[in-house]
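As stored in final_26.cif (mmCIF, C-alpha atoms):
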```
data_run
loop_
_atom_site.label_atom_id
_atom_site.label_comp_id
_atom_site.auth_asym_id
_atom_site.auth_seq_id
_atom_site.Cartn_x
_atom_site.Cartn_y
_atom_site.Cartn_z
CA MET A 13 79.46 126.76 144.56
CA PRO A 14 81.24 126.84 141.18
CA LEU A 15 79.03 127.72 138.22
CA ASN A 16 78.28 125.10 135.62
CA ILE A 17 78.68 126.95 132.29
CA PHE A 18 78.60 125.39 128.86
CA HIS A 19 77.93 126.48 125.28
CA ASP A 20 74.81 125.04 123.71
CA ALA A 21 74.36 123.99 120.07
CA ASP A 22 73.72 127.61 119.10
CA GLY A 23 76.97 128.74 120.73
CA LEU A 24 75.21 130.68 123.47
CA PRO A 25 76.83 130.46 126.95
CA ARG A 26 74.38 128.73 129.28
CA ILE A 27 74.50 128.45 133.08
CA ILE A 28 72.90 125.48 134.86
CA LEU A 29 71.60 125.97 138.40
CA SER A 30 70.56 122.98 140.48
CA GLU A 31 69.74 122.34 144.13
CA PRO A 32 69.60 119.26 146.37
CA SER A 33 65.86 118.53 146.03
CA GLY A 34 66.35 118.05 142.27
CA SER A 35 64.95 121.20 140.70
CA SER A 36 67.01 123.06 138.09
CA ALA A 37 67.15 126.25 136.04
CA GLU A 38 69.03 127.30 132.92
CA VAL A 39 70.15 130.87 132.29
CA LEU A 40 71.61 132.38 129.11
CA LEU A 41 74.19 135.16 129.20
CA TYR A 42 72.40 136.33 126.05
CA GLY A 43 69.63 138.56 127.39
CA GLY A 44 70.33 137.49 130.99
CA GLN A 45 67.36 135.24 130.28
CA VAL A 46 66.09 132.26 132.25
CA VAL A 47 65.08 129.72 129.60
CA SER A 48 64.19 126.72 131.78
CA TRP A 49 62.92 126.03 135.30
CA LYS A 50 62.13 122.43 136.20
CA ASN A 51 60.71 121.13 139.45
CA GLU A 52 62.12 118.23 141.45
CA ARG A 53 60.28 115.78 139.15
CA GLY A 54 61.90 117.27 136.06
CA GLU A 55 58.69 118.92 134.83
CA GLU A 56 59.23 122.14 132.88
CA LEU A 57 57.46 125.10 134.50
CA LEU A 58 58.32 127.79 131.95
CA PHE A 59 57.00 127.97 128.40
CA MET A 60 59.51 128.05 125.55
CA SER A 61 58.31 128.26 121.97
CA ARG A 62 59.42 125.44 119.68
CA LYS A 63 59.87 128.12 117.01
CA ALA A 64 62.00 130.44 119.18
CA VAL A 65 64.95 131.99 117.34
CA TRP A 66 68.18 131.34 119.25
CA LYS A 67 70.43 133.55 117.16
CA PRO A 68 71.32 137.15 118.12
CA PRO A 69 70.11 139.82 117.66
CA LYS A 70 66.64 138.24 117.87
CA ALA A 71 64.82 138.11 121.19
CA ILE A 72 64.06 134.58 122.41
CA ARG A 73 60.35 133.73 122.72
CA GLY A 74 59.79 132.17 126.14
CA GLY A 75 61.36 131.79 129.56
CA ILE A 76 61.78 135.08 131.45
CA PRO A 77 62.98 137.93 129.18
CA VAL A 78 64.17 141.16 130.82
CA CYS A 79 62.56 144.34 129.42
CA PHE A 80 64.80 147.38 129.99
CA PRO A 81 64.98 150.38 129.69
CA GLN A 82 61.59 150.36 127.96
CA PHE A 83 58.52 148.19 128.16
CA GLY A 84 56.69 147.47 124.91
CA ASN A 85 56.63 150.35 122.46
CA LEU A 86 56.17 153.02 125.13
CA GLY A 87 59.17 155.06 123.99
CA LEU A 88 61.61 155.60 121.16
CA LEU A 89 63.58 152.37 121.53
CA GLU A 90 63.03 148.96 119.98
CA GLN A 91 60.17 146.85 121.37
CA HIS A 92 60.85 146.04 125.06
CA GLY A 93 64.23 147.82 125.02
CA PHE A 94 67.63 146.29 124.35
CA ALA A 95 68.56 144.30 127.48
CA ARG A 96 66.91 141.11 126.20
CA ASN A 97 69.12 140.97 123.10
CA ARG A 98 72.50 141.92 124.53
CA LEU A 99 75.21 139.61 125.82
CA TRP A 100 75.47 139.98 129.60
CA SER A 101 78.51 139.12 131.75
CA LEU A 102 79.01 137.30 135.00
CA ASP A 103 79.12 139.91 137.77
CA SER A 104 82.56 139.60 139.37
CA ASP A 105 81.69 142.03 142.18
CA PRO A 106 78.05 141.53 143.16
CA SER A 107 76.66 143.44 146.11
CA PRO A 108 76.05 141.17 149.09
CA LEU A 109 72.46 139.99 149.31
CA SER A 110 70.97 137.84 152.03
CA PRO A 111 72.02 134.20 151.61
CA VAL A 112 69.38 131.46 151.54
CA ASN A 113 69.95 127.86 152.59
CA ASN A 114 70.12 125.22 149.84
CA GLN A 115 70.26 127.91 147.20
CA SER A 116 72.08 127.95 143.87
CA SER A 117 72.50 131.38 142.30
CA VAL A 118 74.25 133.39 139.61
CA ASP A 119 74.90 137.14 139.40
CA LEU A 120 74.82 138.78 135.97
CA ILE A 121 75.53 142.33 134.86
CA LEU A 122 74.84 144.46 131.79
CA LYS A 123 76.61 147.81 131.40
CA SER A 124 75.93 150.56 128.89
CA THR A 125 77.96 150.22 125.71
CA GLU A 126 78.82 152.62 122.90
CA GLU A 127 76.17 150.89 120.81
CA ASP A 128 73.47 151.47 123.43
CA VAL A 129 74.49 155.07 124.04
CA LYS A 130 73.69 155.87 120.42
CA THR A 131 70.01 155.11 121.01
CA TRP A 132 69.77 155.67 124.79
CA PRO A 133 72.53 158.08 125.96
CA ARG A 134 72.63 157.05 129.63
CA GLY A 135 75.29 155.43 131.77
CA PHE A 136 73.91 152.47 133.74
CA GLU A 137 74.62 149.11 135.33
CA LEU A 138 71.83 146.51 135.28
CA ARG A 139 72.43 143.63 137.64
CA LEU A 140 70.37 140.47 138.00
CA ARG A 141 70.66 137.79 140.64
CA ILE A 142 68.90 134.53 139.75
CA SER A 143 68.48 132.10 142.65
CA LEU A 144 67.06 128.60 142.76
CA SER A 145 65.78 127.00 145.94
CA PRO A 146 63.33 124.13 146.55
CA GLY A 147 60.09 125.04 144.78
CA LYS A 148 61.16 128.63 144.12
CA LEU A 149 62.89 130.73 141.49
CA THR A 150 63.90 134.22 142.60
CA LEU A 151 65.07 137.12 140.40
CA ILE A 152 66.47 140.31 141.93
CA PRO A 153 67.07 143.07 139.36
CA ARG A 154 68.98 146.24 140.25
CA VAL A 155 69.62 149.30 138.12
CA ARG A 156 72.32 151.82 139.03
CA ASN A 157 72.70 155.24 137.44
CA THR A 158 76.40 155.68 136.61
CA ASP A 159 75.69 158.88 134.66
CA ASN A 160 76.10 162.49 135.78
CA LYS A 161 72.43 163.26 135.14
CA ALA A 162 69.13 161.68 136.14
CA PHE A 163 67.29 159.27 133.89
CA SER A 164 64.03 157.32 133.92
CA PHE A 165 63.11 153.88 132.64
CA THR A 166 60.34 151.30 132.58
CA PHE A 167 61.02 147.67 133.41
CA ALA A 168 59.47 144.21 133.32
CA LEU A 169 60.28 140.57 133.92
CA CYS A 170 58.12 138.70 131.39
CA ASN A 171 57.21 135.34 132.90
CA TYR A 172 56.15 132.85 130.22
CA LEU A 173 54.48 130.16 132.36
CA SER A 174 53.74 126.67 131.06
CA VAL A 175 50.10 125.64 131.51
CA SER A 176 48.01 122.64 130.49
CA ASP A 177 45.34 124.60 128.60
CA ILE A 178 44.83 128.37 128.73
CA SER A 179 41.05 127.87 128.90
CA GLU A 180 41.57 125.97 132.19
CA VAL A 181 43.62 128.72 133.85
CA ARG A 182 42.51 131.50 136.14
CA VAL A 183 44.44 134.37 137.68
CA GLU A 184 43.52 135.68 141.12
CA GLY A 185 44.70 138.79 142.93
CA LEU A 186 43.89 141.39 140.26
CA GLU A 187 40.17 141.75 141.05
CA THR A 188 38.72 145.32 141.19
CA LEU A 189 41.98 146.84 139.90
CA ASP A 190 42.36 149.35 137.09
CA TYR A 191 44.17 148.28 133.94
CA PHE A 192 45.28 149.66 130.59
CA ASP A 193 43.95 147.56 127.72
CA ASN A 194 46.56 147.51 124.95
CA LEU A 195 43.95 146.04 122.58
CA MET A 196 41.83 149.17 123.13
CA HIS A 197 44.48 151.89 122.56
CA ARG A 198 45.59 151.71 126.21
CA GLU A 199 42.17 152.80 127.43
CA ARG A 200 41.75 152.48 131.19
CA PHE A 201 39.18 150.07 132.65
CA THR A 202 38.38 148.54 136.04
CA GLU A 203 38.44 144.75 136.39
CA GLN A 204 34.93 143.46 137.12
CA ALA A 205 35.54 139.69 137.23
CA ASP A 206 36.04 137.74 140.46
CA ALA A 207 38.97 135.97 138.77
CA ILE A 208 40.46 136.39 135.32
CA THR A 209 39.86 133.55 132.86
CA PHE A 210 40.77 133.33 129.19
CA ASP A 211 38.68 132.86 126.07
CA ALA A 212 40.24 135.45 123.71
CA GLU A 213 43.39 137.51 123.18
CA ILE A 214 44.44 139.52 126.23
CA ASP A 215 47.07 142.28 126.58
CA ARG A 216 46.60 144.31 129.76
CA VAL A 217 48.71 146.28 132.22
CA TYR A 218 47.16 146.02 135.70
CA LEU A 219 48.05 148.96 137.95
CA SER A 220 49.04 149.14 141.63
CA THR A 221 48.81 145.37 142.00
CA PRO A 222 49.29 143.39 145.22
CA THR A 223 52.61 141.81 146.06
CA LYS A 224 51.13 138.35 145.47
CA ILE A 225 49.28 136.98 142.43
CA ALA A 226 48.08 133.39 141.93
CA ILE A 227 47.94 131.60 138.58
CA ILE A 228 45.83 128.47 138.98
CA ASP A 229 46.05 125.64 136.44
CA HIS A 230 43.02 123.40 137.04
CA GLU A 231 44.06 120.55 134.77
CA LYS A 232 47.59 120.20 136.14
CA LYS A 233 46.34 120.87 139.70
CA ARG A 234 49.19 123.33 140.01
CA THR A 235 49.27 126.89 141.28
CA PHE A 236 52.00 129.36 140.46
CA VAL A 237 52.40 132.06 143.08
CA LEU A 238 54.09 135.26 141.91
CA ARG A 239 55.43 137.49 144.68
CA LYS A 240 57.00 140.79 143.74
CA ASP A 241 58.31 144.02 145.19
CA GLY A 242 59.42 147.27 143.56
CA MET A 243 57.39 146.44 140.44
CA PRO A 244 53.87 147.69 141.16
CA ASP A 245 52.27 146.74 137.84
CA ALA A 246 51.45 143.35 136.33
CA VAL A 247 51.00 142.46 132.65
CA LEU A 248 48.74 139.69 131.40
CA TRP A 249 49.32 138.52 127.83
CA ASN A 250 48.15 135.70 125.61
CA PRO A 251 48.02 136.16 121.82
CA TRP A 252 45.20 133.64 121.15
CA HIS A 253 44.94 131.93 117.78
CA LYS A 254 44.86 134.87 115.35
CA LYS A 255 47.90 136.71 116.78
CA ALA A 256 49.76 133.41 117.33
CA LYS A 257 49.56 132.67 113.61
CA ALA A 258 51.00 136.11 112.86
CA LEU A 259 54.03 135.62 115.15
CA GLN A 260 56.83 133.88 113.27
CA ASP A 261 58.54 132.64 116.45
CA LEU A 262 55.41 131.09 117.99
CA GLY A 263 53.65 127.92 116.87
CA ASP A 264 50.05 128.33 115.71
CA GLU A 265 48.69 126.26 118.61
CA GLU A 266 51.26 127.15 121.27
CA TYR A 267 49.13 129.94 122.72
CA LYS A 268 47.09 127.17 124.38
CA THR A 269 49.93 126.09 126.68
CA MET A 270 51.27 129.46 127.87
CA ILE A 271 50.35 132.54 129.83
CA CYS A 272 52.52 135.60 130.41
CA VAL A 273 52.20 137.20 133.84
CA ASP A 274 54.82 139.93 134.17
CA SER A 275 56.22 141.83 137.13
CA ALA A 276 56.55 145.39 135.88
CA ALA A 277 57.04 149.09 136.53
CA ILE A 278 55.25 150.75 133.60
CA GLU A 279 52.64 153.34 134.58
CA THR A 280 55.10 155.43 136.62
CA PRO A 281 58.65 155.25 135.20
CA ILE A 282 61.44 154.77 137.73
CA VAL A 283 63.61 157.87 138.09
CA LEU A 284 67.22 157.57 139.27
CA LYS A 285 69.48 160.48 140.17
CA PRO A 286 73.23 160.09 139.53
CA PHE A 287 74.61 157.07 141.45
CA GLU A 288 71.20 156.10 142.81
CA GLU A 289 70.09 152.47 142.59
CA TRP A 290 66.69 150.84 142.16
CA LYS A 291 66.06 147.27 143.28
CA GLY A 292 63.18 144.95 142.45
CA HIS A 293 62.34 141.47 143.67
CA GLN A 294 60.39 138.61 142.14
CA GLU A 295 59.76 135.14 143.52
CA LEU A 296 58.00 132.43 141.53
CA SER A 297 56.87 129.34 143.39
CA ASN A 298 54.66 126.45 142.42
CA VAL A 299 52.46 124.48 144.76
CA SER A 300 50.49 121.34 144.05
CA SER A 301 46.76 121.73 144.52
CA SER A 302 44.39 118.79 144.93
CA TYR A 303 41.09 120.45 144.13
CA CYS A 304 38.35 120.48 141.53
CA SER A 305 37.65 123.52 139.42
CA GLY A 306 36.29 126.34 141.55
CA GLN A 307 36.90 124.52 144.85
CA LEU A 308 40.08 126.27 145.98
CA ASP A 309 39.63 129.08 148.47
CA PRO A 310 41.44 132.00 146.78
CA ARG A 311 42.25 133.49 150.18
CA LYS A 312 44.44 130.50 150.91
CA VAL A 313 46.35 131.03 147.68
CA LEU A 314 46.78 134.76 148.18
CA TYR A 315 47.39 134.85 151.91
CA GLY A 316 49.06 131.55 152.60
CA PHE A 317 48.05 127.97 153.23
CA GLN A 318 47.36 127.24 156.89
#
```
What would you get if you wrote out this structure as structure tokens?
Amino acid sequence: MPLNIFHDADGLPRIILSEPSGSSAEVLLYGGQVVSWKNERGEELLFMSRKAVWKPPKAIRGGIPVCFPQFGNLGLLEQHGFARNRLWSLDSDPSPLSPVNNQSSVDLILKSTEEDVKTWPRGFELRLRISLSPGKLTLIPRVRNTDNKAFSFTFALCNYLSVSDISEVRVEGLETLDYFDNLMHRERFTEQADAITFDAEIDRVYLSTPTKIAIIDHEKKRTFVLRKDGMPDAVLWNPWHKKAKALQDLGDEEYKTMICVDSAAIETPIVLKPFEEWKGHQELSNVSSSYCSGQLDPRKVLYGFQ
């Protein structure tokens, strides 16, 4: 299927994916970033800030940014590494991955440049396949060491999900797990709640998480299901009102309609020997839920609807 590429008003090359049921996704070559995912009814599922800056070298607030080779400020590089503010290319020679029926996909690649080597002297190839199928958006990142020595990195796909009201959202699947609290100097705690709900700023890295996490939006009667592999950690982030006002690229009230739930490899950096490759996998799906608050059996969300 030929790719539908056009340049938007900001001059950034944009790829449109669509599939027969009517859902669509938009991907920028800048950052290799998904900036829109709409369901078959045309409803936007990802959050994008109205104040996002669309001009390089700024990172774009919303969608699904790629954090590589560093998550957050856990290293010597700029916040979240450099992959999210570099111009990627279409991958002319992607490795074969299993085809899926009724799927529209694009393969992108980012290679180390002289500019990157100044701050991170490693040879690498970062590939990303983005696939759209009915009700699902799949991202498959792969990192290959093209250097003659080993290197390590941390990684995350930051999923900005659009929700009706953050106070009406709960996240299930992270119960009883340990987490680092970035608001408490990365101190380690154990989650005590049956499900995570939101009434204040949150910035946590949950460790050794399950392959499936559910994000339940009561008001929209919608559940996002995040399935992941190769990325054992999960990040929960919402800035709440005080931090939102301090962020120039986020509206003061926009924290109410977003939640970040990231697939990540943070606690234990990934180590690659020369010519080794790491592969991750993330699948986002959304299912309609006709239930009242507190009425949905979480086991059905986490282990499949019968």
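Ranking A:Val46, A:Leu219, A:Val181, A:Leu189 by their shortest atom-to-atom distance to Gly74 in chain A, with all atoms listed in the file included, puts A:Val46 first.
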What do you get, as a tab-separated table (two decimals) with C-alpha atoms, in the frame of the given file, if you spell out every residue that the PyMOL selection byres ((chain A and resi 168) around 8) selects here?
```
chain	number	residue	atom	x	y	z
A	78	VAL	CA	64.17	141.16	130.82
A	79	CYS	CA	62.56	144.34	129.42
A	80	PHE	CA	64.80	147.38	129.99
A	83	PHE	CA	58.52	148.19	128.16
A	166	THR	CA	60.34	151.30	132.58
A	167	PHE	CA	61.02	147.67	133.41
A	169	LEU	CA	60.28	140.57	133.92
A	170	CYS	CA	58.12	138.70	131.39
A	243	MET	CA	57.39	146.44	140.44
A	274	ASP	CA	54.82	139.93	134.17
A	275	SER	CA	56.22	141.83	137.13
A	276	ALA	CA	56.55	145.39	135.88
A	277	ALA	CA	57.04	149.09	136.53
A	278	ILE	CA	55.25	150.75	133.60
```
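When only C-alpha atoms are used to compute distances to Ile271 in chain A, the closest of the residues A:Asn171, A:Ala212, A:Lys233, A:Leu186 turns out to be A:Asn171.
Shortest separation to Thr158 in chain A among A:Asp22, A:Glu231, A:Asp177, A:Glu137 occurs at residue A:Glu137, atoms counted being all atoms listed in the file.
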As lines of an AutoDock Vina configuration file, please: the centre and edge lengths in Å, to one decimal, of an axis-aligned box enclosing every listed atom of range 173-184 of chain A with 6 Å added on each side.
```
center_x = 47.8
center_y = 129.2
center_z = 134.9
size_x = 25.4
size_y = 25.0
size_z = 24.5
```
Non-local contacts of Lys257 in chain A (12 Å; all atoms listed in the file; under 6 positions in same chain excluded) as a JSON list (two decimals) with C-alpha atoms, keeping the file's coordinate frame:
```json
[["chain", "number", "residue", "atom", "x", "y", "z"],
["A", 63, "LYS", "CA", 59.87, 128.12, 117.01],
["A", 251, "PRO", "CA", 48.02, 136.16, 121.82],
["A", 263, "GLY", "CA", 53.65, 127.92, 116.87],
["A", 264, "ASP", "CA", 50.05, 128.33, 115.71],
["A", 265, "GLU", "CA", 48.69, 126.26, 118.61],
["A", 266, "GLU", "CA", 51.26, 127.15, 121.27],
["A", 267, "TYR", "CA", 49.13, 129.94, 122.72]]
```
Looking at only C-alpha atoms, which of A:Gln91, A:Arg216, A:Arg234, A:Ile227 is the one that sits closest to Ala246 in chain A?
A:Arg216
Assuming the chain letters and numbering stay as they are in my file, what does the PyMOL selection byres ((chain A and resi 73) around 6) actually select? List them as a ChimeraX atom specification.
/A:61,64,72,74
Take CA of Leu149 in chain A and CA of Gly292 in chain A and report the distance between them in Å, one decimal.
14.3 Å
My list of candidates is A:Thr125, A:Gln294, A:Gln82, A:Asn16. Which is closest to Glu279 in chain A when distances are computed with all atoms listed in the file?
A:Gln82
